[in-house]
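Next comes data17.csv, with CSV, C-alpha atoms.
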```
chain,number,residue,atom,x,y,z
A,1,MET,CA,106.2,141.8,173.2
A,2,SER,CA,105.2,138.5,174.7
A,3,GLU,CA,107.5,135.6,174.2
A,4,ASN,CA,104.6,133.9,172.6
A,5,SER,CA,104.0,136.6,170.1
A,6,PRO,CA,105.3,136.0,166.5
A,7,SER,CA,108.3,138.1,165.4
A,8,PRO,CA,107.3,140.8,162.9
A,9,SER,CA,110.1,139.6,160.6
A,10,ALA,CA,109.1,135.9,160.7
A,11,GLY,CA,107.2,134.4,157.9
A,12,PRO,CA,103.8,132.8,158.4
A,13,PRO,CA,103.9,129.3,159.9
A,14,VAL,CA,102.8,126.2,158.0
A,15,PHE,CA,99.9,124.3,159.6
A,16,ASP,CA,100.0,120.8,158.1
A,17,ASP,CA,97.6,117.9,158.5
A,18,ALA,CA,99.4,116.6,161.5
A,19,PHE,CA,99.0,119.9,163.3
A,20,ARG,CA,95.4,120.1,162.3
A,21,ASN,CA,94.7,116.7,163.7
A,22,ARG,CA,96.3,117.6,167.0
A,23,LEU,CA,94.4,120.8,167.1
A,24,ALA,CA,91.2,118.8,166.6
A,25,ASP,CA,92.2,116.6,169.5
A,26,LEU,CA,92.7,119.7,171.7
A,27,PHE,CA,89.3,121.0,170.9
A,28,ALA,CA,87.6,117.6,171.4
A,29,TRP,CA,89.4,117.0,174.7
A,30,ARG,CA,88.8,120.4,176.2
A,31,ARG,CA,86.6,119.8,179.3
A,32,ASP,CA,84.9,121.8,181.9
A,33,VAL,CA,86.7,120.4,184.9
A,34,ARG,CA,85.2,120.2,188.4
A,35,ARG,CA,87.4,117.6,190.0
A,36,PHE,CA,90.9,118.9,190.7
A,37,ARG,CA,94.0,117.7,192.5
A,38,THR,CA,95.1,120.1,195.2
A,39,ASP,CA,98.8,120.2,194.2
A,40,PRO,CA,100.1,123.6,193.0
A,41,ILE,CA,100.4,124.7,189.4
A,42,ASP,CA,103.8,125.6,188.0
A,43,GLU,CA,103.8,129.4,187.9
A,44,ALA,CA,105.7,129.6,184.6
A,45,VAL,CA,103.0,127.4,183.0
A,46,LEU,CA,100.2,129.6,184.3
A,47,ARG,CA,101.9,132.7,183.0
A,48,THR,CA,102.4,131.1,179.6
A,49,CYS,CA,98.7,130.3,179.4
A,50,LEU,CA,97.8,133.8,180.3
A,51,ASP,CA,100.3,135.2,177.7
A,52,LEU,CA,98.7,133.0,175.0
A,53,ALA,CA,95.2,134.0,176.1
A,54,ALA,CA,96.2,137.7,175.6
A,55,LEU,CA,96.6,136.9,171.9
A,56,ALA,CA,92.9,136.5,171.6
A,57,PRO,CA,91.0,138.8,169.2
A,58,SER,CA,89.2,141.9,170.7
A,59,VAL,CA,87.0,144.6,169.3
A,60,GLY,CA,89.0,147.5,168.2
A,61,ASN,CA,92.1,145.8,169.7
A,62,SER,CA,90.7,147.0,173.0
A,63,GLN,CA,92.0,144.0,175.0
A,64,PRO,CA,89.4,144.6,177.8
A,65,TRP,CA,90.1,141.4,179.8
A,66,ARG,CA,91.3,141.8,183.4
A,67,PHE,CA,92.5,138.6,185.2
A,68,VAL,CA,92.4,138.6,189.0
A,69,ARG,CA,94.1,135.7,190.9
A,70,VAL,CA,92.1,135.0,194.1
A,71,SER,CA,94.5,133.7,196.7
A,72,ASP,CA,93.2,135.2,199.9
A,73,ALA,CA,91.3,132.6,201.9
A,74,GLY,CA,88.6,135.0,203.1
A,75,ARG,CA,87.8,136.2,199.5
A,76,ARG,CA,87.7,132.6,198.3
A,77,GLU,CA,85.3,131.7,201.1
A,78,ALA,CA,83.0,134.6,200.1
A,79,VAL,CA,82.9,133.2,196.5
A,80,ALA,CA,82.3,129.7,197.8
A,81,ALA,CA,79.5,131.0,200.0
A,82,SER,CA,77.9,132.7,197.0
A,83,PHE,CA,78.1,129.5,195.0
A,84,GLU,CA,76.4,127.5,197.8
A,85,ARG,CA,73.5,130.0,198.0
A,86,CYS,CA,73.0,130.1,194.2
A,87,ASN,CA,73.4,126.4,193.9
A,88,ALA,CA,70.7,125.7,196.5
A,89,ALA,CA,68.4,128.2,194.9
A,90,ALA,CA,68.9,126.7,191.4
A,91,ARG,CA,68.4,123.1,192.7
A,92,ALA,CA,65.0,124.2,194.1
A,93,THR,CA,63.8,125.2,190.6
A,94,TYR,CA,64.0,121.7,189.2
A,95,PRO,CA,61.2,119.3,190.1
A,96,ASP,CA,61.3,115.6,191.0
A,97,GLU,CA,63.9,113.5,189.1
A,98,ARG,CA,65.6,116.4,187.4
A,99,GLY,CA,66.1,118.0,190.8
A,100,ALA,CA,67.5,114.8,192.3
A,101,LEU,CA,69.9,114.5,189.3
A,102,TYR,CA,70.9,118.2,189.8
A,103,ALA,CA,71.7,117.5,193.4
A,104,ARG,CA,74.1,114.7,192.5
A,105,LEU,CA,76.1,116.8,190.0
A,106,LYS,CA,79.4,118.3,191.0
A,107,LEU,CA,79.2,121.8,189.6
A,108,ALA,CA,82.4,123.5,190.9
A,109,GLY,CA,85.9,122.7,192.2
A,110,LEU,CA,86.1,125.7,194.4
A,111,ARG,CA,87.4,123.8,197.4
A,112,GLU,CA,90.0,121.8,195.6
A,113,ALA,CA,91.4,123.9,192.7
A,114,PRO,CA,94.8,125.5,193.6
A,115,VAL,CA,94.2,128.5,191.4
A,116,HIS,CA,91.1,130.7,191.2
A,117,LEU,CA,90.9,133.3,188.4
A,118,ALA,CA,88.2,135.9,188.2
A,119,VAL,CA,88.0,137.4,184.7
A,120,PHE,CA,86.5,140.8,184.3
A,121,CYS,CA,85.6,143.1,181.4
A,122,ASP,CA,86.9,146.7,181.8
A,123,SER,CA,83.9,148.5,180.5
A,124,ALA,CA,85.7,151.9,180.9
A,125,THR,CA,88.8,151.0,178.9
A,126,GLU,CA,89.8,153.7,176.4
A,127,ALA,CA,91.9,151.2,174.5
A,128,GLY,CA,90.5,150.7,171.0
A,129,HIS,CA,89.0,154.2,171.0
A,130,GLY,CA,85.5,152.7,170.7
A,131,LEU,CA,86.0,151.1,167.4
A,132,GLY,CA,83.4,148.5,166.6
A,133,ARG,CA,81.3,149.2,169.6
A,134,ALA,CA,78.9,152.0,168.6
A,135,THR,CA,76.2,149.6,167.4
A,136,MET,CA,77.3,146.5,169.5
A,137,PRO,CA,78.7,147.7,172.8
A,138,GLU,CA,78.5,144.1,174.1
A,139,MET,CA,81.5,143.3,171.9
A,140,LEU,CA,83.7,144.2,174.8
A,141,ARG,CA,82.2,141.3,176.8
A,142,TYR,CA,82.4,139.0,173.8
A,143,SER,CA,86.1,139.8,173.5
A,144,VAL,CA,86.7,138.7,177.0
A,145,ALA,CA,84.8,135.5,176.3
A,146,ALA,CA,87.1,134.9,173.4
A,147,CYS,CA,90.1,135.4,175.7
A,148,ILE,CA,88.8,133.0,178.2
A,149,HIS,CA,88.4,130.3,175.5
A,150,ALA,CA,91.9,130.9,174.4
A,151,PHE,CA,93.1,130.5,178.0
A,152,TRP,CA,91.1,127.3,178.3
A,153,LEU,CA,92.7,125.7,175.3
A,154,ALA,CA,96.2,126.8,176.3
A,155,ALA,CA,95.7,125.4,179.8
A,156,ARG,CA,94.4,122.1,178.3
A,157,ALA,CA,97.5,121.9,176.0
A,158,HIS,CA,99.7,122.3,179.1
A,159,GLY,CA,97.9,119.5,181.0
A,160,LEU,CA,95.7,121.8,183.2
A,161,GLY,CA,92.0,121.7,183.7
A,162,VAL,CA,89.7,124.7,183.8
A,163,GLY,CA,86.2,124.9,185.3
A,164,TRP,CA,83.9,127.9,184.6
A,165,VAL,CA,81.8,128.5,187.7
A,166,SER,CA,78.7,130.5,186.6
A,167,ILE,CA,76.6,129.7,189.7
A,168,VAL,CA,77.7,132.7,191.6
A,169,GLU,CA,76.4,136.2,192.2
A,170,PRO,CA,78.4,138.7,190.1
A,171,ALA,CA,77.9,141.5,192.6
A,172,ALA,CA,79.0,139.4,195.5
A,173,VAL,CA,82.1,138.3,193.7
A,174,THR,CA,82.9,141.8,192.6
A,175,ASP,CA,82.4,143.1,196.2
A,176,ALA,CA,84.6,140.4,197.7
A,177,LEU,CA,87.4,141.1,195.3
A,178,ASP,CA,87.4,144.9,195.7
A,179,VAL,CA,88.0,145.6,192.0
A,180,PRO,CA,87.2,148.9,190.1
A,181,GLU,CA,83.6,149.7,189.7
A,182,ALA,CA,83.9,149.7,185.9
A,183,TRP,CA,85.0,146.0,185.9
A,184,ASP,CA,82.2,143.6,185.1
A,185,LEU,CA,82.5,139.9,186.1
A,186,ILE,CA,82.5,137.6,183.0
A,187,ALA,CA,83.9,134.4,184.5
A,188,TYR,CA,85.1,132.8,187.7
A,189,LEU,CA,87.6,130.0,186.8
A,190,CYS,CA,89.0,127.1,188.8
A,191,VAL,CA,92.3,126.0,187.4
A,192,GLY,CA,94.4,123.0,188.4
A,193,HIS,CA,95.4,119.5,187.4
A,194,PRO,CA,92.4,117.3,186.8
A,195,VAL,CA,91.8,114.2,188.9
A,196,GLU,CA,90.4,112.4,185.8
A,197,GLU,CA,90.2,112.9,182.1
A,198,HIS,CA,87.3,111.8,179.8
A,199,ALA,CA,86.6,112.3,176.2
A,200,ASP,CA,82.9,113.1,176.9
A,201,PRO,CA,81.6,116.1,178.9
A,202,GLU,CA,80.7,115.3,182.5
A,203,LEU,CA,77.1,116.5,182.0
A,204,VAL,CA,76.8,114.0,179.2
A,205,ARG,CA,78.4,111.2,181.2
A,206,HIS,CA,76.1,111.8,184.2
A,207,GLY,CA,72.9,112.0,182.1
A,208,TRP,CA,72.1,115.7,182.3
A,209,GLN,CA,72.2,116.7,178.7
A,210,GLU,CA,73.4,115.0,175.4
A,211,ARG,CA,75.1,117.0,172.7
A,212,CYS,CA,72.6,118.9,170.5
A,213,PRO,CA,72.6,118.1,166.8
A,214,GLU,CA,71.2,121.6,166.2
A,215,ALA,CA,74.4,123.1,167.6
A,216,VAL,CA,76.4,122.0,164.6
A,217,ARG,CA,73.8,122.8,162.0
A,218,LEU,CA,74.7,125.4,159.4
A,219,HIS,CA,71.6,127.5,158.6
A,220,GLU,CA,71.4,128.8,155.0
A,221,ARG,CA,69.6,132.0,154.0
```
Could you express the structure from this file as structure tokens?
Amino acid sequence: MSENSPSPSAGPPVFDDAFRNRLADLFAWRRDVRRFRTDPIDEAVLRTCLDLAALAPSVGNSQPWRFVRVSDAGRREAVAASFERCNAAARATYPDERGALYARLKLAGLREAPVHLAVFCDSATEAGHGLGRATMPEMLRYSVAACIHAFWLAARAHGLGVGWVSIVEPAAVTDALDVPEAWDLIAYLCVGHPVEEHADPELVRHGWQERCPEAVRLHER
């Protein structure tokens, strides 16, 4: 049992107003970080965050997430090269002022972040015995996304920043990391201490996209 798992004999905790307020702060201050300090991360803190992430919900209790720390310089360079190709291609799809704005954005901290984590979904896992997946097989991938979010919040609570780099070629990353064929790339994460911290998302601050009112609307039927 993980040291972060509750004891079966322990009663349920009490979450009071003070805790809920602090939890709201954690959610509000979670950021997608692209600007990292290069100093190393405490290994015990990283392991704690991974242990907490593993408490995330998963379909059929399948726990399909697979974390790969990318430390080899050559493998990192292959991922960075994929990002450069994809970023240049994406920039070319935006016209005029939007393209110029895109070019000014910092969209990854691949060169600075001390820790790179590739997160995969093990699509061949037998854990969970297929429960909950017959009509929605994509639930395995959704489970991994829930785990990533749990890791993100845990890292933020421990003073670390996380950046999700989606501007890469999944096949190129998978090939570079030499993982099992049944593992599908869900996320490539940069992890480290942030250079700066802001209450607003970077893409809001730099004029790319404001928060959408529709995102918090509750639809009724």
Exercise. What is the distance, in Å and to one decimal place, between atom CA of Arg85 of chain A and atom CA of Ala172 of chain A?
Worked result: 11.2 Å
Please identify every residue of segment 4-87 of chain A that has at least one atom no farther than 9 Å from an atom of segment 150-153 of chain A, counting only C-alpha atoms, and for each give the shortest atom pair and the distance in Å to one decimal, arranged by chain then increasing number, as CSV.
```
residue,atom,partner,partner_atom,distance
A:Leu26,CA,A:Leu153,CA,7.0
A:Phe27,CA,A:Leu153,CA,7.3
A:Arg30,CA,A:Leu153,CA,6.6
A:Arg31,CA,A:Trp152,CA,8.8
A:Cys49,CA,A:Phe151,CA,5.8
A:Leu50,CA,A:Phe151,CA,6.2
A:Asp51,CA,A:Phe151,CA,8.6
A:Leu52,CA,A:Phe151,CA,6.8
A:Ala53,CA,A:Phe151,CA,4.5
A:Ala54,CA,A:Ala150,CA,8.1
A:Leu55,CA,A:Ala150,CA,8.0
A:Ala56,CA,A:Ala150,CA,6.3
```
Exercise. How many Å separate atom CA of Val165 of chain A from atom CA of Leu189 of chain A?
Worked result: 6.1 Å
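As for atom CA of Arg35 of chain A and atom CA of Gly109 of chain A, they are spaced 5.8 Å apart.
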Would you list the contacts of segment 140-147 of chain A as a PDB file with C-alpha atoms, keeping the file's coordinate frame, taking every protein, DNA or RNA residue within 9 Å and counting all atoms listed in the file, but skipping same-chain residues closer than 5 positions in sequence?
```
ATOM      1  CA  LEU A  52      98.700 133.000 175.000  1.00  0.00           C
ATOM      2  CA  ALA A  53      95.200 134.000 176.100  1.00  0.00           C
ATOM      3  CA  ALA A  54      96.200 137.700 175.600  1.00  0.00           C
ATOM      4  CA  LEU A  55      96.600 136.900 171.900  1.00  0.00           C
ATOM      5  CA  ALA A  56      92.900 136.500 171.600  1.00  0.00           C
ATOM      6  CA  PRO A  57      91.000 138.800 169.200  1.00  0.00           C
ATOM      7  CA  SER A  58      89.200 141.900 170.700  1.00  0.00           C
ATOM      8  CA  VAL A  59      87.000 144.600 169.300  1.00  0.00           C
ATOM      9  CA  SER A  62      90.700 147.000 173.000  1.00  0.00           C
ATOM     10  CA  GLN A  63      92.000 144.000 175.000  1.00  0.00           C
ATOM     11  CA  PRO A  64      89.400 144.600 177.800  1.00  0.00           C
ATOM     12  CA  TRP A  65      90.100 141.400 179.800  1.00  0.00           C
ATOM     13  CA  ARG A  66      91.300 141.800 183.400  1.00  0.00           C
ATOM     14  CA  VAL A 119      88.000 137.400 184.700  1.00  0.00           C
ATOM     15  CA  PHE A 120      86.500 140.800 184.300  1.00  0.00           C
ATOM     16  CA  CYS A 121      85.600 143.100 181.400  1.00  0.00           C
ATOM     17  CA  ASP A 122      86.900 146.700 181.800  1.00  0.00           C
ATOM     18  CA  SER A 123      83.900 148.500 180.500  1.00  0.00           C
ATOM     19  CA  ARG A 133      81.300 149.200 169.600  1.00  0.00           C
ATOM     20  CA  TRP A 152      91.100 127.300 178.300  1.00  0.00           C
ATOM     21  CA  ASP A 184      82.200 143.600 185.100  1.00  0.00           C
ATOM     22  CA  ILE A 186      82.500 137.600 183.000  1.00  0.00           C
ATOM     23  CA  ALA A 187      83.900 134.400 184.500  1.00  0.00           C
TER      24      ALA A 187
END
```
Residue neighbourhood Gly130 of chain A, 8 Å, only C-alpha atoms, exclusion window fewer than 4 positions, as a PDB file with C-alpha atoms, keeping the file's coordinate frame:
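Result went into selection_25.pdb, see below:
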```
ATOM      1  CA  GLY A  60      89.000 147.500 168.200  1.00  0.00           C
ATOM      2  CA  GLU A 126      89.800 153.700 176.400  1.00  0.00           C
ATOM      3  CA  ALA A 134      78.900 152.000 168.600  1.00  0.00           C
TER       4      ALA A 134
END
```
Exercise. With all atoms listed in the file as the atoms that count, which of A:Leu218, A:Ala108, A:Ala118, A:Ala103 lies nearest to Ser71 of chain A?
Worked result: A:Ala118
